[in-house]
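Remarks on the structure that follows.
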Amino acid sequence: MDVPLWLALLVVGVLGVKLIRPPWWLIAVLLLGGYLLADSLLAPVVDTAVK
């Protein structure tokens with residue numbers, strides 16, 4: 001069964017917000033920080049660290 005990555009991330013995100021109940025500003029900071037980091041010069045460093 002092939003599940004698209006965006007759907008898996010959406011399900012995990014919704015379940016995480018419902019179960020853990022983090023503050024909304026923390027969710028916004030993590031999303032914005034991840035977006036900005038993925039488009040920065042540090043992206044290859046993060047990519048090798050994750051792998």
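Just remember, in the structure tokens the first chain shown is A, the second B, etc., residues are 1-based per chain, and ligands are 1-based in the order shown.
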Could you name the residues that touch segment 6-15 of chain A at 12 Å or less, counting only C-alpha atoms, but leaving out those on the same chain fewer than 6 positions away, as an mmCIF file with C-alpha atoms, in the first residue's frame?
```cif
data_model
loop_
_atom_site.group_PDB
_atom_site.id
_atom_site.type_symbol
_atom_site.label_atom_id
_atom_site.label_comp_id
_atom_site.auth_asym_id
_atom_site.auth_seq_id
_atom_site.Cartn_x
_atom_site.Cartn_y
_atom_site.Cartn_z
ATOM 1 C CA ARG A 21 -1.891 19.636 22.627
ATOM 2 C CA PRO A 22 1.177 21.849 22.076
ATOM 3 C CA ILE A 27 3.604 24.619 15.932
ATOM 4 C CA LEU A 30 8.474 24.607 14.041
ATOM 5 C CA LEU A 31 6.763 24.785 10.656
#
```
Residues near Gly34 of chain A, cut-off 12 Å, only C-alpha atoms, skip fewer than 6 positions along chain, as a ChimeraX atom specification:
/A:27-28,40,42-43,46
Deliver the residues from the most recent selection as a file, using C-alpha atoms, as a short mmCIF file (atom, residue, chain, number, x, y, z; two decimals), in the first residue's frame.
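Listed below is the output, out.cif:
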```
data_model
loop_
_atom_site.label_atom_id
_atom_site.label_comp_id
_atom_site.auth_asym_id
_atom_site.auth_seq_id
_atom_site.Cartn_x
_atom_site.Cartn_y
_atom_site.Cartn_z
CA ILE A 27 3.60 24.62 15.93
CA ALA A 28 3.99 27.79 13.86
CA SER A 40 19.01 27.62 3.53
CA LEU A 42 22.45 24.41 6.04
CA ALA A 43 20.11 22.05 4.17
CA VAL A 46 20.89 18.64 7.95
#
```
